[in-house]
$ cat structure_21.csv   # CSV, C-alpha atoms
chain,number,residue,atom,x,y,z
U,726,MET,CA,0.0,0.0,0.0
U,727,SER,CA,1.4,3.4,-0.9
U,728,GLN,CA,2.0,6.3,1.5
U,729,HIS,CA,-0.8,8.2,-0.2
U,730,SER,CA,-3.4,5.5,0.3
U,731,LEU,CA,-2.3,4.8,3.9
U,732,TYR,CA,-2.6,8.5,4.8
U,733,SER,CA,-6.0,8.7,3.1
U,734,LEU,CA,-7.2,6.1,5.6
U,735,ALA,CA,-5.7,7.8,8.6
U,736,ARG,CA,-6.6,11.4,7.7
U,737,PRO,CA,-10.4,11.3,8.6
U,738,LEU,CA,-9.5,9.9,12.1
U,739,LEU,CA,-6.8,12.6,12.6
U,740,PHE,CA,-9.1,15.4,11.3
U,741,ALA,CA,-11.9,14.3,13.7
U,742,MET,CA,-9.5,15.2,16.6
U,743,ASP,CA,-8.5,18.5,17.9
U,744,PRO,CA,-5.5,19.6,15.7
U,745,GLU,CA,-3.0,19.9,18.5
U,746,ALA,CA,-4.1,16.6,20.0
U,747,ALA,CA,-3.7,15.0,16.5
U,748,HIS,CA,-0.2,16.6,16.3
U,749,ASN,CA,0.7,15.2,19.7
U,750,LEU,CA,-0.5,11.7,18.7
U,751,THR,CA,1.1,11.6,15.2
U,752,LEU,CA,4.7,12.3,16.2
U,753,PRO,CA,5.0,9.7,19.0
U,754,ALA,CA,3.2,7.2,16.6
U,755,LEU,CA,5.9,8.0,14.0
U,756,LYS,CA,8.6,7.5,16.6
U,757,ARG,CA,7.1,4.1,17.5
U,758,ALA,CA,6.9,3.0,13.9
U,759,SER,CA,10.5,4.0,13.5
U,760,ALA,CA,11.6,2.0,16.5
U,761,LEU,CA,9.8,-1.0,15.1
U,762,GLY,CA,11.6,-0.6,11.7
U,763,LEU,CA,8.3,0.2,9.9
U,764,THR,CA,9.5,3.5,8.5
U,765,ARG,CA,12.4,1.8,6.8
U,766,LEU,CA,9.9,0.3,4.4
U,767,ILE,CA,9.0,3.8,3.1
U,768,LYS,CA,10.3,4.3,-0.4
U,769,LYS,CA,12.8,7.2,-0.3
U,770,PRO,CA,13.2,9.7,-3.2
U,771,ALA,CA,16.0,9.0,-5.6
U,772,ALA,CA,19.2,10.9,-4.9
U,773,ASP,CA,19.1,14.4,-6.4
U,774,PRO,CA,22.0,16.2,-4.7
U,775,ARG,CA,22.2,20.0,-4.5
U,776,THR,CA,24.9,22.1,-3.0
U,777,VAL,CA,23.4,25.1,-1.2
U,778,MET,CA,25.1,27.4,1.3
U,779,GLY,CA,28.1,25.1,0.9
U,780,ILE,CA,26.1,22.1,2.2
U,781,ALA,CA,25.4,19.0,0.1
U,782,PHE,CA,21.6,18.3,0.3
U,783,PRO,CA,20.7,14.7,-0.8
U,784,ASN,CA,17.5,16.1,-2.4
U,785,PRO,CA,15.9,19.5,-2.5
U,786,VAL,CA,12.8,18.8,-0.4
U,787,GLY,CA,13.2,19.6,3.3
U,788,LEU,CA,11.0,19.7,6.4
U,789,ALA,CA,10.2,23.2,7.6
U,790,ALA,CA,10.6,24.2,11.2
U,791,GLY,CA,7.6,24.1,13.5
U,792,LEU,CA,6.6,20.4,13.2
U,793,ASP,CA,9.3,19.3,15.7
U,794,LYS,CA,9.9,22.3,17.9
U,795,ASP,CA,12.0,20.4,20.5
U,796,GLY,CA,14.1,18.3,18.2
U,797,ALA,CA,12.5,15.2,19.8
U,798,TYR,CA,11.6,13.3,16.7
U,799,ILE,CA,14.6,13.8,14.4
U,800,ASP,CA,15.4,10.2,13.7
U,801,ALA,CA,11.8,9.2,12.9
U,802,LEU,CA,11.3,12.2,10.6
U,803,ALA,CA,14.6,11.5,8.8
U,804,GLU,CA,13.2,8.1,7.6
U,805,LEU,CA,10.4,9.8,5.6
U,806,GLY,CA,12.9,10.8,2.8
U,807,PHE,CA,13.5,14.5,3.4
U,808,GLY,CA,16.6,16.1,1.9
U,809,SER,CA,17.0,18.1,5.1
U,810,ILE,CA,15.2,18.5,8.4
U,811,GLU,CA,14.8,21.8,10.2
U,812,VAL,CA,13.7,21.7,13.9
U,813,GLY,CA,12.7,24.5,16.3
U,814,THR,CA,11.9,27.3,16.7
U,815,VAL,CA,13.8,27.1,20.1
U,816,THR,CA,14.1,29.9,22.6
U,817,PRO,CA,16.7,30.4,25.4
U,818,ARG,CA,14.3,29.5,28.2
U,819,PRO,CA,11.4,27.0,28.2
U,820,GLN,CA,8.0,28.6,27.5
U,821,PRO,CA,4.5,27.2,27.2
U,822,GLY,CA,3.4,29.3,24.2
U,823,ASN,CA,0.0,30.8,23.9
U,824,PRO,CA,-3.2,29.5,25.5
U,825,LYS,CA,-5.1,26.6,23.9
U,826,PRO,CA,-6.8,26.2,21.5
U,827,ARG,CA,-4.1,27.6,19.2
U,828,ILE,CA,-4.2,25.5,16.0
U,829,PHE,CA,-7.2,25.6,13.6
U,830,ARG,CA,-7.8,23.6,10.4
U,831,LEU,CA,-9.5,25.2,7.5
U,832,PRO,CA,-10.1,22.2,5.2
U,833,GLN,CA,-12.1,24.2,2.6
U,834,ALA,CA,-8.9,26.2,1.9
U,835,ASN,CA,-6.3,23.5,2.6
U,836,ALA,CA,-5.1,25.8,5.3
U,837,ILE,CA,-4.1,26.0,9.0
U,838,ILE,CA,-4.1,28.9,11.4
U,839,ASN,CA,-1.7,28.6,14.3
U,840,ARG,CA,-0.8,30.9,17.2
U,841,MET,CA,1.4,28.5,19.1
U,842,GLY,CA,3.9,31.2,20.2
U,843,PHE,CA,7.2,29.3,20.2
U,844,ASN,CA,6.1,26.7,22.8
U,845,ASN,CA,9.3,24.7,23.5
U,846,GLY,CA,11.4,23.2,26.3
U,847,GLY,CA,14.2,25.7,26.0
U,848,VAL,CA,17.6,25.5,24.2
U,849,ASP,CA,19.4,23.2,26.7
U,850,ALA,CA,16.7,20.5,26.4
U,851,PHE,CA,16.7,21.1,22.6
U,852,VAL,CA,20.4,20.6,22.3
U,853,ALA,CA,20.3,17.4,24.4
U,854,ASN,CA,17.6,16.0,22.0
U,855,VAL,CA,19.7,16.9,19.0
U,856,ARG,CA,22.8,15.4,20.5
U,857,SER,CA,21.1,12.1,21.4
U,858,SER,CA,19.7,11.6,17.8
U,859,LYS,CA,21.3,9.0,15.6
U,860,PHE,CA,20.9,11.4,12.7
U,861,TYR,CA,23.2,13.9,14.4
U,862,GLN,CA,25.6,11.3,15.9
U,863,ASN,CA,26.1,9.5,12.5
U,864,ARG,CA,26.1,12.8,10.5
U,865,ASP,CA,23.3,11.2,8.4
U,866,GLY,CA,22.1,14.3,6.7
U,867,VAL,CA,21.4,18.0,6.8
U,868,LEU,CA,20.0,19.4,10.1
U,869,GLY,CA,18.8,23.0,10.3
U,870,LEU,CA,18.3,24.4,13.8
U,871,ASN,CA,15.9,27.3,14.0
U,872,ILE,CA,16.3,29.9,16.8
U,873,GLY,CA,14.0,32.6,18.2
U,874,LYS,CA,13.4,34.9,21.2
U,875,ASN,CA,11.4,34.3,24.4
U,876,ALA,CA,8.1,36.1,24.5
U,877,ASP,CA,8.9,38.1,27.6
U,878,THR,CA,12.3,39.3,26.3
U,879,PRO,CA,11.9,43.0,25.4
U,880,ILE,CA,12.3,43.6,21.7
U,881,GLU,CA,15.3,45.9,22.3
U,882,ARG,CA,17.0,42.9,24.0
U,883,ALA,CA,16.1,40.4,21.3
U,884,ALA,CA,19.6,40.1,19.9
U,885,ASP,CA,20.7,38.7,23.3
U,886,ASP,CA,18.3,35.8,22.9
U,887,TYR,CA,19.4,35.0,19.3
U,888,LEU,CA,23.1,35.2,20.3
U,889,HIS,CA,22.5,32.9,23.3
U,890,CYS,CA,20.7,30.3,21.1
U,891,LEU,CA,23.3,30.6,18.3
U,892,GLN,CA,26.1,29.9,20.7
U,893,LYS,CA,24.3,26.8,22.1
U,894,VAL,CA,23.1,25.2,18.8
U,895,TYR,CA,26.1,26.1,16.6
U,896,PRO,CA,28.2,23.0,17.2
U,897,TYR,CA,25.3,20.7,16.2
U,898,ALA,CA,23.8,22.4,13.2
U,899,SER,CA,24.4,22.0,9.5
U,900,TYR,CA,22.9,25.5,9.3
U,901,VAL,CA,21.1,27.8,11.7
U,902,THR,CA,17.9,29.7,10.8
U,903,VAL,CA,17.1,33.0,12.5
U,904,ASN,CA,13.3,33.3,12.8
U,905,ILE,CA,12.3,36.9,13.0
U,906,SER,CA,9.0,36.4,11.2
U,907,SER,CA,6.6,34.5,13.4
U,908,PRO,CA,3.4,36.5,13.8
U,909,ASN,CA,2.8,34.9,17.2
U,910,THR,CA,5.5,36.6,19.3
U,911,LYS,CA,4.6,40.2,20.1
U,912,ASN,CA,6.6,42.7,18.1
U,913,LEU,CA,8.9,40.1,16.7
U,914,ARG,CA,8.3,41.2,13.1
U,915,GLN,CA,9.6,44.6,14.0
U,916,LEU,CA,13.1,43.0,13.7
U,917,GLN,CA,12.5,43.0,9.9
U,918,GLY,CA,12.6,46.8,9.9
U,919,ALA,CA,15.7,48.2,8.2
U,920,SER,CA,17.6,49.6,11.3
U,921,GLU,CA,16.6,46.7,13.6
U,922,LEU,CA,17.6,44.1,11.1
U,923,ASP,CA,20.9,45.8,10.4
U,924,ALA,CA,21.8,45.8,14.1
U,925,LEU,CA,20.7,42.2,14.6
U,926,LEU,CA,22.5,40.8,11.5
U,927,ALA,CA,25.7,42.6,12.4
U,928,GLN,CA,25.8,41.0,15.8
U,929,LEU,CA,24.9,37.6,14.5
U,930,LYS,CA,27.5,37.7,11.8
U,931,GLN,CA,30.2,38.8,14.2
U,932,GLU,CA,29.2,35.9,16.6
U,933,GLN,CA,29.1,33.4,13.6
U,934,ARG,CA,32.7,34.4,12.8
U,935,ARG,CA,33.8,33.9,16.4
U,936,LEU,CA,32.1,30.6,16.7
U,937,ALA,CA,33.6,29.4,13.3
U,938,GLU,CA,37.0,30.1,14.7
U,939,GLN,CA,36.3,28.5,18.0
U,940,HIS,CA,34.8,25.3,16.6
U,941,LYS,CA,37.0,25.2,13.4
U,942,ARG,CA,33.8,24.8,11.4
U,943,TYR,CA,31.7,27.4,9.5
U,944,VAL,CA,28.0,26.9,10.0
U,945,PRO,CA,25.8,29.0,7.6
U,946,LEU,CA,23.2,31.4,8.8
U,947,ALA,CA,19.8,31.7,7.1
U,948,LEU,CA,17.1,34.4,7.8
U,949,LYS,CA,13.4,33.4,7.8
U,950,ILE,CA,11.2,36.2,6.6
U,951,ALA,CA,7.4,36.9,6.4
U,952,PRO,CA,5.2,37.0,3.3
U,953,ASP,CA,3.5,40.2,4.3
U,954,MET,CA,5.9,42.7,2.8
U,955,ASP,CA,5.9,45.1,-0.1
U,956,ALA,CA,8.6,45.4,-2.8
U,957,GLU,CA,10.4,48.1,-0.8
U,958,GLN,CA,10.6,46.1,2.4
U,959,VAL,CA,11.9,43.0,0.5
U,960,LYS,CA,14.5,45.2,-1.2
U,961,ASN,CA,15.7,46.5,2.2
U,962,ILE,CA,15.9,42.9,3.6
U,963,ALA,CA,17.9,41.8,0.5
U,964,ASP,CA,20.3,44.7,0.9
U,965,SER,CA,20.8,43.8,4.5
U,966,LEU,CA,21.4,40.1,3.7
U,967,LEU,CA,24.0,41.1,1.1
U,968,ARG,CA,25.7,43.7,3.3
U,969,HIS,CA,26.1,41.3,6.2
U,970,GLN,CA,27.0,38.3,4.1
U,971,ILE,CA,24.2,36.2,5.4
U,972,ASP,CA,24.3,32.7,3.8
U,973,GLY,CA,20.7,32.1,2.8
U,974,VAL,CA,17.1,33.3,3.1
U,975,ILE,CA,14.0,31.2,3.8
U,976,ALA,CA,10.9,32.7,2.2
U,977,THR,CA,8.4,32.6,3.8
U,978,ASN,CA,6.7,32.2,7.2
U,979,THR,CA,2.9,32.2,7.7
U,980,THR,CA,0.7,35.2,6.7
U,981,LEU,CA,-1.5,37.6,8.6
U,982,SER,CA,-3.7,38.1,5.6
U,983,ARG,CA,-7.1,36.6,5.7
U,984,ASP,CA,-8.3,37.4,2.2
U,985,ALA,CA,-8.3,33.8,1.0
U,986,VAL,CA,-10.3,32.5,4.1
U,987,GLU,CA,-12.7,35.3,4.8
U,988,GLY,CA,-16.1,34.0,6.0
U,989,MET,CA,-14.8,30.4,6.5
U,990,PRO,CA,-15.1,28.6,9.9
U,991,HIS,CA,-12.1,29.7,12.0
U,992,GLY,CA,-11.1,32.2,9.2
U,993,ALA,CA,-11.0,35.1,11.7
U,994,GLU,CA,-8.9,33.3,14.3
U,995,ALA,CA,-5.7,35.2,15.3
U,996,GLY,CA,-2.3,33.7,14.3
U,997,GLY,CA,-0.4,32.8,11.2
U,998,LEU,CA,-2.2,31.3,8.2
U,999,SER,CA,-0.3,28.6,6.3
U,1000,GLY,CA,-1.1,26.1,3.6
U,1001,ALA,CA,-2.5,26.8,0.1
U,1002,PRO,CA,-3.5,30.5,0.8
U,1003,VAL,CA,0.2,31.5,1.4
U,1004,PHE,CA,1.5,29.8,-1.8
U,1005,ALA,CA,1.1,32.9,-4.1
U,1006,LEU,CA,2.2,35.3,-1.4
U,1007,SER,CA,5.4,33.5,-0.7
U,1008,ASN,CA,6.1,33.0,-4.5
U,1009,THR,CA,5.9,36.8,-4.9
U,1010,VAL,CA,8.4,37.4,-2.1
U,1011,ILE,CA,10.7,34.7,-3.7
U,1012,LYS,CA,10.5,36.5,-7.1
U,1013,LEU,CA,11.3,39.9,-5.5
U,1014,LEU,CA,14.2,38.4,-3.6
U,1015,LYS,CA,15.6,36.7,-6.7
U,1016,ALA,CA,15.4,40.1,-8.6
U,1017,GLU,CA,17.3,41.8,-5.8
U,1018,LEU,CA,19.8,39.1,-4.9
U,1019,GLY,CA,20.5,37.6,-8.3
U,1020,GLY,CA,22.5,34.5,-7.5
U,1021,ALA,CA,24.4,36.1,-4.6
U,1022,LEU,CA,22.7,34.0,-1.9
U,1023,PRO,CA,20.3,31.1,-2.1
U,1024,ILE,CA,16.6,31.2,-1.4
U,1025,ILE,CA,14.7,28.3,0.3
U,1026,GLY,CA,11.1,28.4,-0.8
U,1027,VAL,CA,8.3,27.5,1.7
U,1028,GLY,CA,4.6,28.2,1.9
U,1029,GLY,CA,1.6,26.4,0.4
U,1030,ILE,CA,3.3,23.4,-1.3
U,1031,MET,CA,0.4,20.9,-1.6
U,1032,ARG,CA,1.6,18.9,-4.6
U,1033,GLY,CA,4.7,18.4,-6.8
U,1034,ALA,CA,3.8,21.1,-9.2
U,1035,ASP,CA,3.8,23.6,-6.4
U,1036,ALA,CA,7.3,22.7,-5.4
U,1037,LYS,CA,8.4,23.2,-9.1
U,1038,ALA,CA,6.7,26.7,-9.1
U,1039,LYS,CA,8.8,27.7,-6.1
U,1040,ILE,CA,12.0,26.7,-7.9
U,1041,ASP,CA,10.8,28.5,-11.1
U,1042,ALA,CA,10.2,31.6,-8.9
U,1043,GLY,CA,13.9,31.6,-7.9
U,1044,ALA,CA,14.3,29.1,-4.9
U,1045,GLN,CA,17.1,26.5,-4.8
U,1046,LEU,CA,15.4,24.3,-2.3
U,1047,VAL,CA,11.9,23.9,-0.9
U,1048,GLN,CA,10.4,23.0,2.5
U,1049,LEU,CA,7.1,21.4,3.5
U,1050,TYR,CA,4.9,21.5,6.6
U,1051,SER,CA,1.2,22.2,6.2
U,1052,GLY,CA,1.0,20.3,3.0
U,1053,LEU,CA,2.0,17.2,4.9
U,1054,ILE,CA,-1.0,17.5,7.2
U,1055,TYR,CA,-3.3,17.6,4.2
U,1056,ALA,CA,-1.5,15.2,1.8
U,1057,GLY,CA,0.6,13.0,4.1
U,1058,SER,CA,4.3,12.1,3.7
U,1059,GLY,CA,3.7,10.9,0.1
U,1060,LEU,CA,4.0,14.6,-0.7
U,1061,ILE,CA,7.8,14.4,-0.1
U,1062,GLY,CA,8.2,11.9,-2.9
U,1063,ASP,CA,5.8,13.8,-5.2
U,1064,CYS,CA,7.8,17.0,-4.8
U,1065,ALA,CA,11.2,15.2,-5.2
U,1066,ALA,CA,10.0,13.6,-8.4
U,1067,ALA,CA,8.7,17.0,-9.7
U,1068,LEU,CA,12.1,18.6,-9.0
U,1069,ARG,CA,14.4,15.8,-10.2
U,1070,GLY,CA,17.1,17.3,-12.3
U,1071,LYS,CA,15.4,20.8,-12.1

$ encode --input "structure_21.csv" --output "structure tokens"
Amino acid sequence: MSQHSLYSLARPLLFAMDPEAAHNLTLPALKRASALGLTRLIKKPAADPRTVMGIAFPNPVGLAAGLDKDGAYIDALAELGFGSIEVGTVTPRPQPGNPKPRIFRLPQANAIINRMGFNNGGVDAFVANVRSSKFYQNRDGVLGLNIGKNADTPIERAADDYLHCLQKVYPYASYVTVNISSPNTKNLRQLQGASELDALLAQLKQEQRRLAEQHKRYVPLALKIAPDMDAEQVKNIADSLLRHQIDGVIATNTTLSRDAVEGMPHGAEAGGLSGAPVFALSNTVIKLLKAELGGALPIIGVGGIMRGADAKAKIDAGAQLVQLYSGLIYAGSGLIGDCAAALRGK
């Protein structure tokens, strides 16, 4: 039985549950299946290597951050055939995130609204999970570690949180993602403003150089940005990325726009909207970035990939790699192979 048909059986059961309860059931179930050797039976995408940010990715289809916030399921996720796995967002101190309910499905739109708020066990527990994974120990593949700030850290002290997390995760990461674009941490997106971004990137770059010397290993830095920006804002971000020699950009996070889901059940819930409605928005940002950056630094495209053709559209817009998250909830893990097949040789 194919992954697609297996998931089509399981999906009605999962969709009958509260979304966060379903999430909290699925990952431990995947871990158990992995421990029993069942995930090894999953057909992996054919090798289709890409070198991006100086890293060899076995295929161009990665897992986006947010599914495994604490890095507790790396080994099980690695068996699904991703070309890279990004875990987090992690913050310096543990925090519970926003009050529940905080995830809402919008099946009519193949969409999700979440206002999780960086719920995680803190960077020390996160690093312990990463270090204990076989994926890390055996250097089995590409592992992105995604860092953020605590909700109660004042925005003017945000850089302290990012620097603290960067120091902690640096030795274990293939690359580090700086998440300044979640809509669920108050004022976080302010950091995308020209002067705030300049100050933050300058400090992160300086710390990256120091850590590279200390650990005798250069770990690339990628910035994750929002889809809710006009051409001028994207141009400012691109200028900043180039000026500070940041290694990559992930476009994009979730959107605050509700145009595509107006009037739908849960359509007015607060939080970030992901899934199909963010597809065109993120593609627009990718195209704008590509126009500004040329080939100076790579773009990782994420947002609304629900089928192989969507992954191809991201690459056509100017991305070198893609990442999945919400599409997996609607289409299941068969989506990984579909996207990999659509991108083979592209």

$ residues_around --input "structure_21.csv" --residues "Val1027 in chain U" --least-positions-apart "2" --cutoff "12 Å" --atoms "all atoms listed in the file" --output "PyMOL selection string"
chain U and resi 785-790+949-952+974-980+999-1001+1003-1011+1024-1025+1029-1031+1035-1040+1042-1052

$ closest_residue --input "structure_21.csv" --among "U:Leu1053, U:Leu916, U:Ala1034, U:Met989" --to "Ala1066 in chain U" --atoms "only C-alpha atoms"
U:Ala1034

$ residues_around --input "structure_21.csv" --residues "Ala995 in chain U" --least-positions-apart "5" --cutoff "12 Å" --atoms "all atoms listed in the file" --output "MDAnalysis selection string"
chainID U and resid 823:824 826:829 837:842 908:910 979:983

$ atom_distance --input "structure_21.csv" --atom1 "CA of Ile810 in chain U" --atom2 "CA of Ser1058 in chain U"
13.5 Å

$ closest_residue --input "structure_21.csv" --among "U:Asp793, U:Glu938, U:Asp773, U:Glu811" --to "Asn871 in chain U" --atoms "all atoms listed in the file"
U:Glu811

$ residues_around --input "structure_21.csv" --residues "Ala741 in chain U" --least-positions-apart "5" --cutoff "12 Å" --atoms "only C-alpha atoms" --output "MDAnalysis selection string"
chainID U and resid 735:736 746:747 830 832

$ atom_distance --input "structure_21.csv" --atom1 "CA of Leu734 in chain U" --atom2 "CA of Ala1067 in chain U"
24.6 Å

$ residues_around --input "structure_21.csv" --residues "Arg942 in chain U" --least-positions-apart "5" --cutoff "9 Å" --atoms "all atoms listed in the file" --output "PDB file with C-alpha atoms, keeping the file's coordinate frame"
ATOM      1  CA  PRO U 896      28.200  23.000  17.200  1.00  0.00           C
ATOM      2  CA  LEU U 936      32.100  30.600  16.700  1.00  0.00           C
ATOM      3  CA  ALA U 937      33.600  29.400  13.300  1.00  0.00           C
TER       4      ALA U 937
END

$ closest_residue --input "structure_21.csv" --among "U:Tyr900, U:Tyr895, U:Phe843, U:Phe807" --to "Asn784 in chain U" --atoms "all atoms listed in the file"
U:Phe807

$ residues_around --input "structure_21.csv" --residues "Ser759 in chain U" --least-positions-apart "5" --cutoff "12 Å" --atoms "all atoms listed in the file" --output "list in words"
Leu752, Pro753, Ala754, Thr764, Arg765, Leu766, Ile767, Tyr798, Ile799, Asp800, Ala801, Leu802, Ala803, Glu804 and Leu805 of chain U

$ closest_residue --input "structure_21.csv" --among "U:Leu868, U:Leu926, U:Val944, U:Ile780" --to "Arg968 in chain U" --atoms "all atoms listed in the file"
U:Leu926

$ closest_residue --input "structure_21.csv" --among "U:Ala836, U:Ala781, U:Val894, U:Asn844" --to "Tyr1055 in chain U" --atoms "all atoms listed in the file"
U:Ala836

$ atom_distance --input "structure_21.csv" --atom1 "CA of Pro879 in chain U" --atom2 "CA of Leu792 in chain U"
26.2 Å

$ closest_residue --input "structure_21.csv" --among "U:Pro990, U:Gly796, U:Pro821, U:Gly996" --to "Ala898 in chain U" --atoms "all atoms listed in the file"
U:Gly796
